[in-house]
Structures are given as structure tokens and as C-alpha cells.
$ cat coords35.txt   # compact mmCIF, C-alpha atoms and all ligand atoms
# COMPACT_ATOMS: atom_id res chain seq x y z
CA MET D 234 -23.40 9.93 -2.66
CA ALA D 235 -19.74 10.61 -3.33
CA GLU D 236 -17.33 7.69 -3.09
CA VAL D 237 -14.03 8.99 -1.73
CA ILE D 238 -10.86 6.96 -1.32
CA VAL D 239 -8.64 8.12 1.54
CA THR D 240 -5.15 6.63 1.26
CA GLY D 241 -3.33 6.40 4.58
CA GLY D 242 -6.68 6.76 6.36
CA ALA D 243 -5.51 4.58 9.27
CA GLY D 244 -2.60 6.93 10.06
CA PHE D 245 -2.61 10.11 12.12
CA ILE D 246 -3.87 12.87 9.83
CA GLY D 247 -5.72 10.58 7.42
CA SER D 248 -7.82 9.05 10.20
CA ASN D 249 -8.67 12.48 11.59
CA PHE D 250 -9.82 13.45 8.09
CA VAL D 251 -12.00 10.33 7.86
CA HIS D 252 -13.69 11.27 11.16
CA HIS D 253 -14.16 14.82 9.85
CA VAL D 254 -15.76 13.68 6.57
CA VAL D 255 -18.09 11.22 8.33
CA ALA D 256 -19.29 14.08 10.57
CA GLU D 257 -19.46 16.80 7.92
CA ARG D 258 -20.62 15.00 4.73
CA PRO D 259 -23.43 12.58 5.65
CA ASP D 260 -23.99 11.46 2.05
CA TRP D 261 -20.38 10.50 1.33
CA HIS D 262 -18.90 7.02 1.57
CA VAL D 263 -15.20 6.67 2.41
CA THR D 264 -12.96 3.78 1.43
CA VAL D 265 -9.72 3.78 3.41
CA LEU D 266 -6.80 2.23 1.53
CA ASP D 267 -3.94 1.62 3.95
CA LYS D 268 -1.05 -0.83 4.13
CA LEU D 269 -1.07 -0.76 7.95
CA THR D 270 2.64 -0.14 8.32
CA TYR D 271 3.99 0.41 11.85
CA ALA D 272 2.26 3.85 11.62
CA GLY D 273 -1.19 2.61 10.61
CA ASN D 274 -3.67 1.50 13.27
CA LEU D 275 -7.21 0.28 12.62
CA ALA D 276 -8.16 1.51 16.09
CA ASN D 277 -7.92 5.05 14.67
CA ILE D 278 -11.06 4.49 12.58
CA ALA D 279 -12.80 1.93 14.79
CA GLY D 280 -16.41 2.59 15.70
CA LEU D 281 -17.27 4.60 12.59
CA PRO D 282 -20.54 3.47 10.93
CA GLU D 283 -19.91 0.47 8.64
CA ASP D 284 -22.22 1.83 5.94
CA ARG D 285 -20.12 5.02 5.77
CA VAL D 286 -16.54 3.72 5.94
CA SER D 287 -14.94 0.62 4.38
CA PHE D 288 -11.39 -0.52 4.90
CA VAL D 289 -9.08 -2.11 2.32
CA LYS D 290 -5.67 -3.29 3.45
CA GLY D 291 -3.21 -2.74 0.63
CA ASP D 292 -0.26 -0.90 -0.86
CA ILE D 293 -0.74 2.27 -2.92
CA ALA D 294 2.04 0.94 -5.16
CA ASP D 295 -0.09 -2.13 -6.05
CA ALA D 296 -1.29 -1.02 -9.49
CA ASP D 297 -4.03 -3.66 -9.92
CA LEU D 298 -5.57 -3.05 -6.52
CA VAL D 299 -5.40 0.73 -6.93
CA ASP D 300 -6.96 0.57 -10.40
CA ALA D 301 -9.88 -1.56 -9.21
CA LEU D 302 -10.64 0.86 -6.37
CA VAL D 303 -10.15 4.08 -8.32
CA GLU D 304 -12.43 2.87 -11.11
CA LYS D 305 -15.38 3.03 -8.68
CA ALA D 306 -14.45 6.32 -6.98
CA ASP D 307 -15.36 9.99 -7.44
CA ALA D 308 -12.26 11.30 -5.68
CA VAL D 309 -8.98 10.23 -4.07
CA VAL D 310 -7.50 12.10 -1.11
CA HIS D 311 -3.92 10.94 -0.83
CA TYR D 312 -2.41 10.93 2.68
CA ALA D 313 -0.47 7.65 2.59
CA ALA D 314 3.25 8.17 3.04
CA GLU D 315 6.29 7.27 5.01
CA SER D 316 6.15 10.38 7.17
CA HIS D 317 9.00 10.49 9.70
CA ASN D 318 12.23 12.38 9.00
CA ASP D 319 14.32 10.41 11.50
CA ASN D 320 13.30 7.10 9.89
CA SER D 321 14.20 8.45 6.46
CA LEU D 322 17.73 9.15 7.70
CA GLN D 323 18.12 5.53 8.89
CA ASN D 324 16.44 3.78 5.93
CA PRO D 325 15.34 5.91 2.95
CA ARG D 326 14.13 3.06 0.69
CA PRO D 327 10.49 2.79 1.91
CA PHE D 328 10.20 6.56 1.32
CA ILE D 329 11.10 6.07 -2.36
CA ASP D 330 8.68 3.16 -2.72
CA THR D 331 5.65 4.74 -1.06
CA ASN D 332 6.05 8.48 -1.52
CA LEU D 333 7.27 8.35 -5.13
CA ILE D 334 6.23 5.02 -6.69
CA GLY D 335 3.01 4.93 -4.66
CA THR D 336 2.02 8.45 -5.73
CA TYR D 337 2.92 7.64 -9.35
CA THR D 338 0.71 4.52 -9.20
CA LEU D 339 -2.26 6.54 -7.92
CA LEU D 340 -1.72 9.25 -10.55
CA GLU D 341 -1.79 6.70 -13.36
CA ALA D 342 -5.07 5.26 -12.03
CA VAL D 343 -6.81 8.64 -11.64
CA ARG D 344 -5.55 9.57 -15.10
CA ARG D 345 -7.04 6.39 -16.63
CA HIS D 346 -10.40 6.84 -14.92
CA ASN D 347 -10.56 10.66 -14.87
CA VAL D 348 -11.02 10.80 -11.10
CA ARG D 349 -10.48 13.92 -8.94
CA PHE D 350 -7.23 13.75 -6.94
CA HIS D 351 -6.08 15.74 -3.93
CA HIS D 352 -2.46 15.33 -2.87
CA ILE D 353 -1.49 15.94 0.77
CA SER D 354 1.96 17.38 1.17
CA THR D 355 4.15 19.26 3.59
CA ASP D 356 5.81 22.63 4.12
CA GLU D 357 9.13 20.76 4.34
CA VAL D 358 9.38 20.75 0.54
CA TYR D 359 10.48 24.40 0.84
CA GLY D 360 13.48 23.64 3.09
CA ASP D 361 13.89 25.94 6.07
CA LEU D 362 14.04 29.60 7.11
CA GLU D 363 16.40 31.50 9.38
CA LEU D 364 15.08 32.18 12.90
CA ASP D 365 15.19 35.95 12.40
CA ASP D 366 13.83 35.92 8.82
CA PRO D 367 10.50 37.78 8.68
CA ALA D 368 9.61 35.74 5.56
CA ARG D 369 7.23 32.79 5.57
CA PHE D 370 6.70 30.09 2.92
CA THR D 371 4.23 30.93 0.15
CA GLU D 372 3.07 29.00 -2.91
CA HIS D 373 5.90 30.75 -4.81
CA THR D 374 8.79 29.71 -2.53
CA PRO D 375 11.29 27.57 -4.48
CA TYR D 376 11.52 23.88 -3.56
CA ASN D 377 14.62 23.11 -1.46
CA PRO D 378 14.02 19.93 0.60
CA SER D 379 16.61 18.75 3.15
CA SER D 380 15.91 15.13 4.14
CA PRO D 381 15.14 11.90 2.27
CA TYR D 382 11.56 12.27 3.57
CA SER D 383 11.06 15.84 2.38
CA SER D 384 12.80 15.22 -0.94
CA THR D 385 10.44 12.33 -1.72
CA LYS D 386 7.47 14.52 -0.79
CA ALA D 387 8.84 17.26 -3.06
CA GLY D 388 9.23 14.69 -5.83
CA SER D 389 5.66 13.49 -5.35
CA ASP D 390 4.37 17.09 -5.59
CA LEU D 391 6.25 17.55 -8.86
CA LEU D 392 4.77 14.31 -10.24
CA VAL D 393 1.28 15.63 -9.46
CA ARG D 394 2.03 18.95 -11.21
CA ALA D 395 3.37 17.12 -14.26
CA TRP D 396 0.32 14.83 -14.45
CA VAL D 397 -1.94 17.90 -14.32
CA ARG D 398 -0.08 19.72 -17.04
CA SER D 399 0.81 16.85 -19.36
CA PHE D 400 -2.22 14.59 -18.95
CA GLY D 401 -4.97 16.92 -17.67
CA VAL D 402 -5.37 15.08 -14.37
CA GLN D 403 -7.91 16.89 -12.12
CA ALA D 404 -5.63 17.43 -9.16
CA THR D 405 -4.90 19.91 -6.37
CA ILE D 406 -2.06 19.95 -3.82
CA SER D 407 -1.93 21.24 -0.27
CA ASN D 408 1.24 21.73 1.78
CA CYS D 409 0.61 21.90 5.51
CA SER D 410 2.74 22.69 8.54
CA ASN D 411 3.28 20.47 11.62
CA ASN D 412 0.08 18.85 12.85
CA TYR D 413 -0.72 17.85 16.41
CA GLY D 414 -3.71 16.16 18.02
CA PRO D 415 -5.06 12.66 18.76
CA TYR D 416 -3.84 9.48 16.99
CA GLN D 417 -0.35 10.85 16.20
CA HIS D 418 2.31 8.13 16.37
CA ILE D 419 4.50 8.38 19.48
CA GLU D 420 7.69 8.58 17.42
CA LYS D 421 6.72 12.22 16.70
CA PHE D 422 7.83 15.12 18.91
CA ILE D 423 4.71 16.10 20.89
CA PRO D 424 3.30 12.61 21.58
CA ARG D 425 6.80 11.30 22.35
CA GLN D 426 7.26 13.87 25.10
CA ILE D 427 3.75 13.46 26.55
CA THR D 428 4.09 9.67 26.70
CA ASN D 429 7.61 10.01 28.12
CA VAL D 430 6.21 12.00 31.02
CA VAL D 431 3.42 9.46 31.60
CA ALA D 432 5.97 6.60 31.44
CA GLY D 433 8.40 8.31 33.83
CA ILE D 434 11.03 9.03 31.12
CA ARG D 435 12.59 12.49 30.84
CA PRO D 436 11.52 14.35 27.63
CA LYS D 437 14.20 14.53 24.92
CA LEU D 438 15.04 17.73 23.07
CA TYR D 439 17.22 17.59 19.95
CA GLY D 440 20.21 19.93 20.20
CA ALA D 441 19.55 23.30 21.79
CA GLY D 442 15.82 23.08 20.98
CA LEU D 443 15.69 26.42 19.18
CA ASN D 444 14.22 24.95 15.98
CA VAL D 445 10.80 26.39 15.19
CA ARG D 446 7.77 24.50 13.92
CA ASP D 447 4.46 26.08 12.83
CA TRP D 448 1.86 24.03 14.74
CA ILE D 449 -1.68 23.46 13.47
CA HIS D 450 -4.35 21.32 15.09
CA THR D 451 -5.17 18.36 12.88
CA ASN D 452 -8.89 19.32 12.89
CA ASP D 453 -7.97 22.58 11.15
CA HIS D 454 -5.93 20.64 8.59
CA SER D 455 -8.98 18.45 7.91
CA SER D 456 -11.33 21.39 7.35
CA ALA D 457 -8.80 22.99 5.00
CA VAL D 458 -8.38 19.80 2.95
CA LEU D 459 -12.15 19.40 2.59
CA LYS D 460 -12.34 23.02 1.43
CA VAL D 461 -9.65 22.53 -1.22
CA LEU D 462 -11.14 19.21 -2.33
CA GLU D 463 -14.54 20.80 -2.92
CA GLU D 464 -13.68 24.36 -3.96
CA GLY D 465 -9.98 24.44 -4.92
CA ARG D 466 -8.98 25.34 -8.46
CA ILE D 467 -7.61 22.39 -10.44
CA GLY D 468 -3.84 22.50 -10.83
CA GLU D 469 -3.39 24.85 -7.87
CA THR D 470 -1.34 24.48 -4.72
CA TYR D 471 -2.65 25.80 -1.38
CA LEU D 472 -0.51 26.25 1.74
CA ILE D 473 -2.24 25.35 5.01
CA GLY D 474 -1.14 26.92 8.29
CA ALA D 475 -2.60 28.51 11.42
CA ASP D 476 0.12 30.99 12.54
CA GLY D 477 1.36 28.61 15.23
CA GLU D 478 5.13 29.16 15.36
CA GLN D 479 6.80 27.84 18.55
CA ASN D 480 10.33 26.68 19.24
CA ASN D 481 10.81 23.12 20.49
CA LYS D 482 12.15 24.20 23.87
CA THR D 483 9.01 26.22 24.57
CA VAL D 484 6.82 23.27 23.58
CA VAL D 485 8.62 20.78 25.85
CA GLU D 486 8.48 23.19 28.76
CA LEU D 487 4.77 23.82 28.17
CA ILE D 488 4.04 20.07 28.08
CA LEU D 489 5.87 19.61 31.40
CA GLU D 490 4.06 22.56 32.96
CA LEU D 491 0.63 21.37 31.76
CA MET D 492 1.39 17.90 33.14
CA GLY D 493 2.23 19.34 36.56
CA LYS D 494 6.00 18.70 36.34
CA ASP D 495 9.12 20.85 36.66
CA PRO D 496 9.33 22.61 33.24
CA HIS D 497 13.13 22.17 33.17
CA ASP D 498 13.13 18.44 33.83
CA TYR D 499 14.20 17.26 30.33
CA ASP D 500 17.36 16.11 28.49
CA HIS D 501 19.18 17.65 25.54
CA VAL D 502 20.06 14.78 23.17
CA ASN D 503 21.86 14.38 19.82
CA ASP D 504 20.60 16.72 17.14
CA ARG D 505 19.00 15.43 13.93
CA PRO D 506 21.49 15.48 11.00
CA GLY D 507 20.52 18.25 8.57
CA HIS D 508 17.87 19.46 11.06
CA ASP D 509 15.66 22.13 9.46
CA LEU D 510 15.78 25.29 11.54
CA ARG D 511 12.40 26.92 11.04
CA TYR D 512 9.16 26.39 9.13
CA ALA D 513 6.52 29.13 8.79
CA ILE D 514 3.48 29.16 6.53
CA ASP D 515 1.69 32.09 4.94
CA SER D 516 -1.79 30.70 4.22
CA SER D 517 -3.23 33.94 2.78
CA LYS D 518 -4.11 32.34 -0.56
CA LEU D 519 -6.29 29.65 1.01
CA ARG D 520 -7.95 32.18 3.32
CA ALA D 521 -8.57 34.84 0.68
CA GLU D 522 -9.53 32.59 -2.23
CA LEU D 523 -11.55 29.91 -0.43
CA GLY D 524 -12.56 31.71 2.77
CA TRP D 525 -10.98 29.10 5.09
CA GLN D 526 -10.17 30.00 8.71
CA PRO D 527 -8.57 27.83 11.40
CA LYS D 528 -10.66 27.36 14.58
CA PHE D 529 -8.29 25.60 17.01
CA THR D 530 -5.67 28.35 17.32
CA ASP D 531 -5.22 28.39 21.11
CA PHE D 532 -2.08 26.22 21.27
CA ARG D 533 -2.07 25.94 25.05
CA SER D 534 -5.61 24.60 25.17
CA GLY D 535 -5.07 22.33 22.10
CA LEU D 536 -1.98 20.91 23.77
CA ALA D 537 -3.87 20.38 27.05
CA ASP D 538 -6.57 18.44 25.13
CA THR D 539 -3.88 16.39 23.36
CA ILE D 540 -2.21 15.58 26.69
CA ALA D 541 -5.60 14.48 28.05
CA TRP D 542 -6.13 12.23 25.00
CA TYR D 543 -2.79 10.44 25.40
CA THR D 544 -3.25 10.16 29.15
CA GLU D 545 -6.69 8.59 28.67
CA HIS D 546 -5.60 6.28 25.82
CA GLU D 547 -2.54 4.57 27.25
CA GLU D 548 -3.71 1.25 25.74
CA TRP D 549 -3.41 2.86 22.28
CA TRP D 550 0.29 3.76 22.61
CA ALA D 551 1.82 1.68 25.41
CA PRO D 552 2.47 -1.46 23.28
CA GLN D 553 4.84 0.56 21.03
CA LYS D 554 6.60 2.70 23.62
CA ALA D 555 9.56 0.44 24.48
CA GLU D 556 10.39 -0.25 20.82
CA VAL D 557 10.23 3.44 19.85
CA GLU D 558 12.46 4.48 22.75
CA ALA D 559 14.96 1.67 22.06
CA LYS D 560 15.30 2.91 18.46
CA TYR D 561 15.91 6.49 19.61
CA ALA D 562 18.37 5.35 22.29
CA LYS D 563 20.51 3.69 19.59
CA ALA D 564 20.85 7.10 17.87
CA GLY D 565 21.61 8.82 21.18
CA GLN D 566 18.23 10.54 21.05
P1 LIG D 601 1.44 8.62 9.47
O1 LIG D 601 2.81 8.04 9.37
O2 LIG D 601 0.81 8.77 10.81
O3 LIG D 601 0.42 7.75 8.59
C1 LIG D 601 0.74 7.28 7.32
C2 LIG D 601 -0.28 6.20 6.94
O4 LIG D 601 0.03 5.78 5.60
C3 LIG D 601 -0.24 4.97 7.83
O5 LIG D 601 -1.56 4.58 8.17
C4 LIG D 601 0.43 3.92 6.97
O6 LIG D 601 0.03 2.60 7.28
C5 LIG D 601 0.00 4.35 5.58
N1 LIG D 601 0.91 3.89 4.53
C6 LIG D 601 2.27 4.02 4.52
N2 LIG D 601 2.76 3.45 3.38
C7 LIG D 601 1.70 2.99 2.68
C8 LIG D 601 1.57 2.33 1.43
N3 LIG D 601 2.63 2.02 0.67
N4 LIG D 601 0.33 2.02 0.99
C9 LIG D 601 -0.76 2.32 1.76
N5 LIG D 601 -0.70 2.92 2.95
C10 LIG D 601 0.52 3.26 3.40
O7 LIG D 601 1.51 9.99 8.70
P2 LIG D 601 0.77 11.39 8.99
O8 LIG D 601 1.58 12.17 9.92
O9 LIG D 601 -0.66 11.12 9.24
O10 LIG D 601 0.93 12.07 7.54
C11 LIG D 601 -0.03 11.83 6.52
C12 LIG D 601 0.30 12.66 5.31
O11 LIG D 601 0.33 14.04 5.67
C13 LIG D 601 1.68 12.38 4.70
O12 LIG D 601 1.55 12.45 3.31
C14 LIG D 601 2.57 13.48 5.23
O13 LIG D 601 3.62 13.75 4.33
C15 LIG D 601 1.58 14.63 5.27
N6 LIG D 601 1.86 15.69 6.24
C16 LIG D 601 2.08 15.38 7.56
C17 LIG D 601 2.25 16.42 8.48
C18 LIG D 601 2.46 16.13 9.96
O14 LIG D 601 2.66 17.06 10.74
N7 LIG D 601 2.38 14.88 10.42
C19 LIG D 601 2.22 17.74 8.04
C20 LIG D 601 2.02 18.02 6.69
C21 LIG D 601 1.82 16.98 5.80
O1 LIG D 602 6.27 20.28 8.77
C1 LIG D 602 5.47 19.19 8.46
C2 LIG D 602 6.17 17.91 8.88
O2 LIG D 602 6.08 17.84 10.29
C3 LIG D 602 5.57 16.68 8.24
O3 LIG D 602 5.80 16.72 6.86
C4 LIG D 602 6.19 15.39 8.82
O4 LIG D 602 5.51 14.26 8.30
C5 LIG D 602 6.04 15.43 10.32
O5 LIG D 602 6.68 14.30 10.89
C6 LIG D 602 6.65 16.71 10.88
O6 LIG D 602 8.09 16.72 10.68
P1 LIG D 602 9.11 17.22 11.82
O7 LIG D 602 10.41 16.58 11.54
O8 LIG D 602 9.01 18.68 11.98
O9 LIG D 602 8.37 16.54 13.10
P2 LIG D 602 8.91 15.75 14.37
O10 LIG D 602 7.72 15.51 15.23
O11 LIG D 602 9.75 14.59 14.01
O12 LIG D 602 9.84 16.84 15.08
C7 LIG D 602 9.38 18.14 15.41
C8 LIG D 602 10.56 18.93 15.96
O13 LIG D 602 10.95 18.39 17.23
C9 LIG D 602 11.81 18.86 15.09
O14 LIG D 602 12.48 20.10 15.16
C10 LIG D 602 12.65 17.77 15.76
C11 LIG D 602 12.31 17.93 17.22
N1 LIG D 602 12.34 16.72 18.07
C12 LIG D 602 11.73 15.60 17.61
C13 LIG D 602 11.67 14.46 18.40
C14 LIG D 602 11.01 13.19 17.91
C15 LIG D 602 12.92 16.76 19.34
O15 LIG D 602 13.48 17.80 19.75
N2 LIG D 602 12.85 15.66 20.12
C16 LIG D 602 12.26 14.50 19.70
O16 LIG D 602 12.24 13.52 20.47
$ encode --input "coords35.txt" --output "C-alpha cells" --more "lines below"
Ligand code: NAD
Ligand code: DAU
Amino acid sequence: MAEVIVTGGAGFIGSNFVHHVVAERPDWHVTVLDKLTYAGNLANIAGLPEDRVSFVKGDIADADLVDALVEKADAVVHYAAESHNDNSLQNPRPFIDTNLIGTYTLLEAVRRHNVRFHHISTDEVYGDLELDDPARFTEHTPYNPSSPYSSTKAGSDLLVRAWVRSFGVQATISNCSNNYGPYQHIEKFIPRQITNVVAGIRPKLYGAGLNVRDWIHTNDHSSAVLKVLEEGRIGETYLIGADGEQNNKTVVELILELMGKDPHDYDHVNDRPGHDLRYAIDSSKLRAELGWQPKFTDFRSGLADTIAWYTEHEEWWAPQKAEVEAKYAKAGQ
């Protein structure tokens, strides 16, 4: 049996990965290491078999705790992060502590114990593209991050590369585009708009809403990460994407339509400072080298399922709704 530590496994994408591993790898045991920040929620991994998944509440920057866990593990899959751009613009410090110092702490532990490490990162490290640029990000695109969030993720990627080259750490990196699906915190774009509609609040679009994101269902992200963890070449970076480019305006209007509302019944609010215009991923390397294919590529039906999930799980998000909206209202968003 493989013992796999999943950092940030009580957050959005990490918890979806834990569910995926429990279903797909019956002889693996997962230990979730998560600080349970505002973004972590034990409900995301509730109900999984106790003999398959253990939970440790703790900080990835706690060197003693991390060392004791890593010593007993075969692999670490590192999702834990401060993940929201808007928060990083208000208060960057936790992003430095978790995304940089936390990643450094994990790297030192896997180096000491020679444990396989997979680092989860984002397409935002590459900055942004023009709307009419036919180019997409590849593994060779130069790093050019825009926000405190994306710059700390870029820094963490570079730490991983240095630990591979200088110390022989057995690591891979994947950089994925925007995920959507169940368990995503309602501060994020898609769940914020769905829960706004349920709560009788008009959806909020930053600026003109022409910014493009490359959407991938979180289940496809999970299958890609498992692929890279098991078959990826050490020291390599793999971009993960499912050809899902949509501008924000189209997404808001689709959410309203799917929820039976007037598709134009939303507000334009203050834009995000430094707002990246467009992200687009070319995932040819992952597909050609490791034979990975996304399965959940019908955005309309994935969005309908996501709307159904939030509608059916109001108890999961309702306690945080007022606080999240009050924070946005302060920024005129
Ligand atoms: P999230 O904010 O939903 O979850 C982050 C989790 O990390 C939470 O459970 C939180 O409690 C935990 N955490 C935060 N700081 C911690 C610390 N110091 N120690 C231990 N645990 C801590 O984030 P997400 O959207 O699930 O993103 C997960 C990872 O995927 C991040 O590394 C992010 O950069 C990356 N990523 C996200 C997306 C996306 O679309 N959301 C896309 C590509 C990559
Ligand atoms: O590209 C991957 C990244 O995707 C991840 O690295 C980040 O962790 C994740 O949060 C996400 O970053 P974005 O900034 O793209 O996601 P967010 O959901 O915050 O916003 C998506 C788009 O929607 C962006 O252009 C801003 C816009 N937006 C966002 C909110 C919250 C709105 O128009 N209205 C909103 O209310």
C-alpha cells in the first residue's frame, strides 16, 4: 500500500483529488495535512472510509510536524496554498508564508527522506495573453506573474526546480488552468455567481467581463495529477488544460440561463487591479507523453451539474455567504 500525503486536501481541488484517489487506487492510504484556513472544510472529505483516509490538522510551514509525517510517506502531493488573487491584493503576507515558506518546508522534508513530491501549480505563473493572440501557454513560456498570489506560486515552482537540480529531489510540477466543480469556495467566480442567484443577489462581473479563463472540470485535473504522479518524468513540468476558453461575460450569462433567470440580470462592478486578460493552456505534452485525455469537456453540462451541487448543498456554503459578500462590497465588487 502506498502512503500518500495530500497537503490542502480539505480545500477545493485537494479534496476532489482525495475522493479520486480513494475511488481509483484501492490499496493506497491518504493522509490529508491541512491547516483548515477559511478555505478548508472537513465536510469536503467527510464520509470517506476511515481506514483509507486520515486527517492531520497542521501547517505545512511547521517543520517538525511535516518531517514526522513525510518520514512515513511514499509520496507527497502538494495542493495547500493561499489560492485567491483578490485576497492576495488585500493582504499578501499569508501567501508568502504558505506558498513560499510552506513549500520550502515540504521540500526540505522530502529531500531528507527521499520521498516523491508532486507540486500543484497554476497557469497564472505565465502572466496573461492578449485576447486575439493565437498563442497558448506551453511548458516553455517564460514566467511573468502579475499578482502577489501568482508571484508566490511562481516562486514555489522555482524552489521545486532548484531542489530537483541541486539536491536530486524526486519531484514533478503541474500547472493547471481554472478549475470548476463541487466544493469550490464561494469567493471564487463560478460558485459566487451561482450562490448569488440562489440568495437573490445579482451576479457581479468585474469590469467589462471580457477576460478569458480556460475552464477545466476538477475531475479532469485529478486524473491528470494522478497520471503525472505515477508516470511523469522526474524534474519535468506538465501543463494541464482541457481547451475550455470562455470569457467571464459568457459564463455569467450561461449560469443565469441555466438557472432559469434573465441572462442579462447582473451588475458590472469594479475591476480587479492588474486583472490578467486571458489564460489558455496547450496541454499537448501531457497528452502525447502520458496519454492523458480530459473526459468532462462539455462545459454547459459540467456547469449545470455544478449549479445542481450548490443548489442541493446550501448548508455547505450558506454560513459563509454574508461574510464573503461583505468583503467584496467593501472593494466595490
Ligand atoms: P483552496 O483555497 O480551496 O484550498 C486550499 C487548502 O489549503 C485549504 O484547505 C486550506 O485550509 C489549506 N491550507 C492553506 N494554507 C495552509 C497551510 N499553511 N498549511 C496547510 N494547509 C493550508 O484552493 P484550491 O483552489 O483547491 O487550490 C489548490 C491548489 O491548486 C493551490 O496550490 C492552487 O494554487 C492550485 N491551483 C488552483 C486552481 C483553481 O482553479 N482553483 C487552478 C490551478 C492550480
Ligand atoms: O488559472 C488558475 C487560477 O484560477 C488559480 O491559480 C487560482 O487559484 C484560482 O483562484 C483561479 O484564479 P482566477 O483569479 O482566474 O479565479 P477567480 O475565480 O477569482 O476569477 C475568475 C475570473 O472571474 C477572473 O477574470 C475574475 C472574474 N471575477 C471573479 C469574481 C470573484 C468576476 O468577474 N466576478 C467575481 O465576482
$ residues_near_ligand --input "coords35.txt" --ligand "ligand LIG 601 (chain D)" --cutoff "7 Å" --atoms "all atoms listed in the file" --output "VMD selection string"
chain D and resid 240 to 247 266 to 274 291 to 294 312 to 317 331 335 353 to 356 386 408 to 413 417 to 418
$ atom_distance --input "coords35.txt" --atom1 "atom O14 of ligand LIG 602 (chain D)" --atom2 "atom CA of D:Gly474"
16.7 Å
$ residues_around --input "coords35.txt" --residues "D:Asp390" --least-positions-apart "3" --cutoff "8 Å" --atoms "all atoms listed in the file" --output "JSON, numbers by chain"
{"D": [352, 354, 386, 387, 393, 394, 406]}
$ closest_atom_pairs --input "coords35.txt" --of "chain D" --to "ligand LIG 602 (chain D)" --cutoff "8 Å" --atoms "all atoms listed in the file" --output "CSV"
residue,atom,partner,partner_atom,distance
D:Glu315,CA,D:LIG602,O4,7.8
D:Ser316,CA,D:LIG602,O4,4.1
D:His317,CA,D:LIG602,O5,4.6
D:Asn318,CA,D:LIG602,O7,5.2
D:Asp319,CA,D:LIG602,O11,6.7
D:Ser354,CA,D:LIG602,O3,6.9
D:Thr355,CA,D:LIG602,O3,4.5
D:Asp356,CA,D:LIG602,O1,5.2
D:Glu357,CA,D:LIG602,O1,5.3
D:Tyr382,CA,D:LIG602,O4,7.9
D:Ser383,CA,D:LIG602,O3,7.0
D:Cys409,CA,D:LIG602,C1,6.3
D:Ser410,CA,D:LIG602,O1,4.3
D:Asn411,CA,D:LIG602,C1,4.1
D:Asn412,CA,D:LIG602,O2,6.6
D:Glu420,CA,D:LIG602,C14,5.7
D:Lys421,CA,D:LIG602,O10,3.7
D:Phe422,CA,D:LIG602,O10,3.7
D:Ile423,CA,D:LIG602,O10,6.4
D:Arg425,CA,D:LIG602,O16,6.2
D:Gln426,CA,D:LIG602,O16,6.8
D:Pro436,CA,D:LIG602,O16,7.2
D:Lys437,CA,D:LIG602,O16,5.0
D:Leu438,CA,D:LIG602,O15,3.7
D:Tyr439,CA,D:LIG602,O15,3.8
D:Gly440,CA,D:LIG602,O15,7.1
D:Gly442,CA,D:LIG602,O15,5.9
D:Asn444,CA,D:LIG602,O14,5.2
D:Val445,CA,D:LIG602,O14,6.5
D:Arg446,CA,D:LIG602,O8,6.3
D:Asp447,CA,D:LIG602,O1,7.3
D:Asn481,CA,D:LIG602,O13,5.7
D:Lys482,CA,D:LIG602,O15,7.7
D:Val502,CA,D:LIG602,N2,7.9
D:Asp504,CA,D:LIG602,O15,7.7
D:Arg505,CA,D:LIG602,C10,7.0
D:His508,CA,D:LIG602,O14,6.8
D:Asp509,CA,D:LIG602,O14,6.8
D:Leu510,CA,D:LIG602,O14,7.1
D:Arg511,CA,D:LIG602,O14,8.0
D:Tyr512,CA,D:LIG602,O1,6.8
D:Tyr561,CA,D:LIG602,O16,8.0
D:Gln566,CA,D:LIG602,O16,6.7
$ atom_distance --input "coords35.txt" --atom1 "atom CA of D:Asp498" --atom2 "atom CA of D:Trp550"
22.5 Å
$ residues_near_point --input "coords35.txt" --point "(-8.0, 12.9, 3.5)" --cutoff "10 Å" --atoms "all atoms listed in the file" --output "ChimeraX atom specification"
/D:237-242,246-254,263,265,309-313,351-353,454-456,458-459,462
$ atom_distance --input "coords35.txt" --atom1 "atom CA of D:Thr470" --atom2 "atom CA of D:Trp261"
24.4 Å
$ residues_around --input "coords35.txt" --residues "D:Ser379" --least-positions-apart "5" --cutoff "7 Å" --atoms "all atoms listed in the file" --output "mmCIF file with C-alpha atoms, in the frame of the given file"
data_model
loop_
_atom_site.group_PDB
_atom_site.id
_atom_site.type_symbol
_atom_site.label_atom_id
_atom_site.label_comp_id
_atom_site.auth_asym_id
_atom_site.auth_seq_id
_atom_site.Cartn_x
_atom_site.Cartn_y
_atom_site.Cartn_z
ATOM 1 C CA GLY D 360 13.480 23.640 3.090
ATOM 2 C CA SER D 384 12.800 15.220 -0.940
ATOM 3 C CA GLY D 507 20.520 18.250 8.570
#
$ closest_residue --input "coords35.txt" --among "D:Glu463, D:Asp515, D:Asp361, D:Asp500" --to "D:Gly477" --atoms "all atoms listed in the file"
D:Asp515
$ closest_residue --input "coords35.txt" --among "D:Val430, D:Asn452, D:Trp396, D:Thr336" --to "D:Ala256" --atoms "all atoms listed in the file"
D:Asn452
$ closest_residue --input "coords35.txt" --among "D:Ala513, D:Ala308, D:Leu333, D:Val286" --to "D:Thr371" --atoms "only C-alpha atoms"
D:Ala513
$ build_atoms --input "coords35.txt" --residues "stretch 364-373 of chain D" --atoms "N, CA, C and O atoms" --output "short mmCIF file (atom, residue, chain, number, x, y, z; two decimals), keeping the file's coordinate frame"
data_model
loop_
_atom_site.label_atom_id
_atom_site.label_comp_id
_atom_site.auth_asym_id
_atom_site.auth_seq_id
_atom_site.Cartn_x
_atom_site.Cartn_y
_atom_site.Cartn_z
N LEU D 364 15.95 31.83 11.75
CA LEU D 364 15.08 32.18 12.90
C LEU D 364 14.62 33.63 12.85
O LEU D 364 13.49 33.95 13.21
N ASP D 365 15.52 34.52 12.37
CA ASP D 365 15.19 35.95 12.40
C ASP D 365 14.67 36.45 11.05
O ASP D 365 14.56 37.65 10.83
N ASP D 366 14.33 35.52 10.15
CA ASP D 366 13.83 35.92 8.82
C ASP D 366 12.34 36.25 8.94
O ASP D 366 11.56 35.40 9.38
N PRO D 367 11.94 37.47 8.57
CA PRO D 367 10.50 37.78 8.68
C PRO D 367 9.66 37.03 7.63
O PRO D 367 8.44 36.96 7.73
N ALA D 368 10.34 36.42 6.64
CA ALA D 368 9.61 35.74 5.56
C ALA D 368 8.95 34.46 6.05
O ALA D 368 9.38 33.85 7.03
N ARG D 369 7.87 34.09 5.36
CA ARG D 369 7.23 32.79 5.57
C ARG D 369 7.11 32.11 4.20
O ARG D 369 7.22 32.77 3.16
N PHE D 370 6.87 30.80 4.20
CA PHE D 370 6.70 30.09 2.92
C PHE D 370 5.40 30.54 2.27
O PHE D 370 4.37 30.71 2.94
N THR D 371 5.46 30.71 0.94
CA THR D 371 4.23 30.93 0.15
C THR D 371 4.23 29.91 -0.99
O THR D 371 5.22 29.18 -1.17
N GLU D 372 3.17 29.92 -1.77
CA GLU D 372 3.07 29.00 -2.91
C GLU D 372 4.17 29.27 -3.94
O GLU D 372 4.40 28.44 -4.83
N HIS D 373 4.86 30.42 -3.83
CA HIS D 373 5.90 30.75 -4.81
C HIS D 373 7.31 30.47 -4.30
O HIS D 373 8.29 30.69 -5.02
#
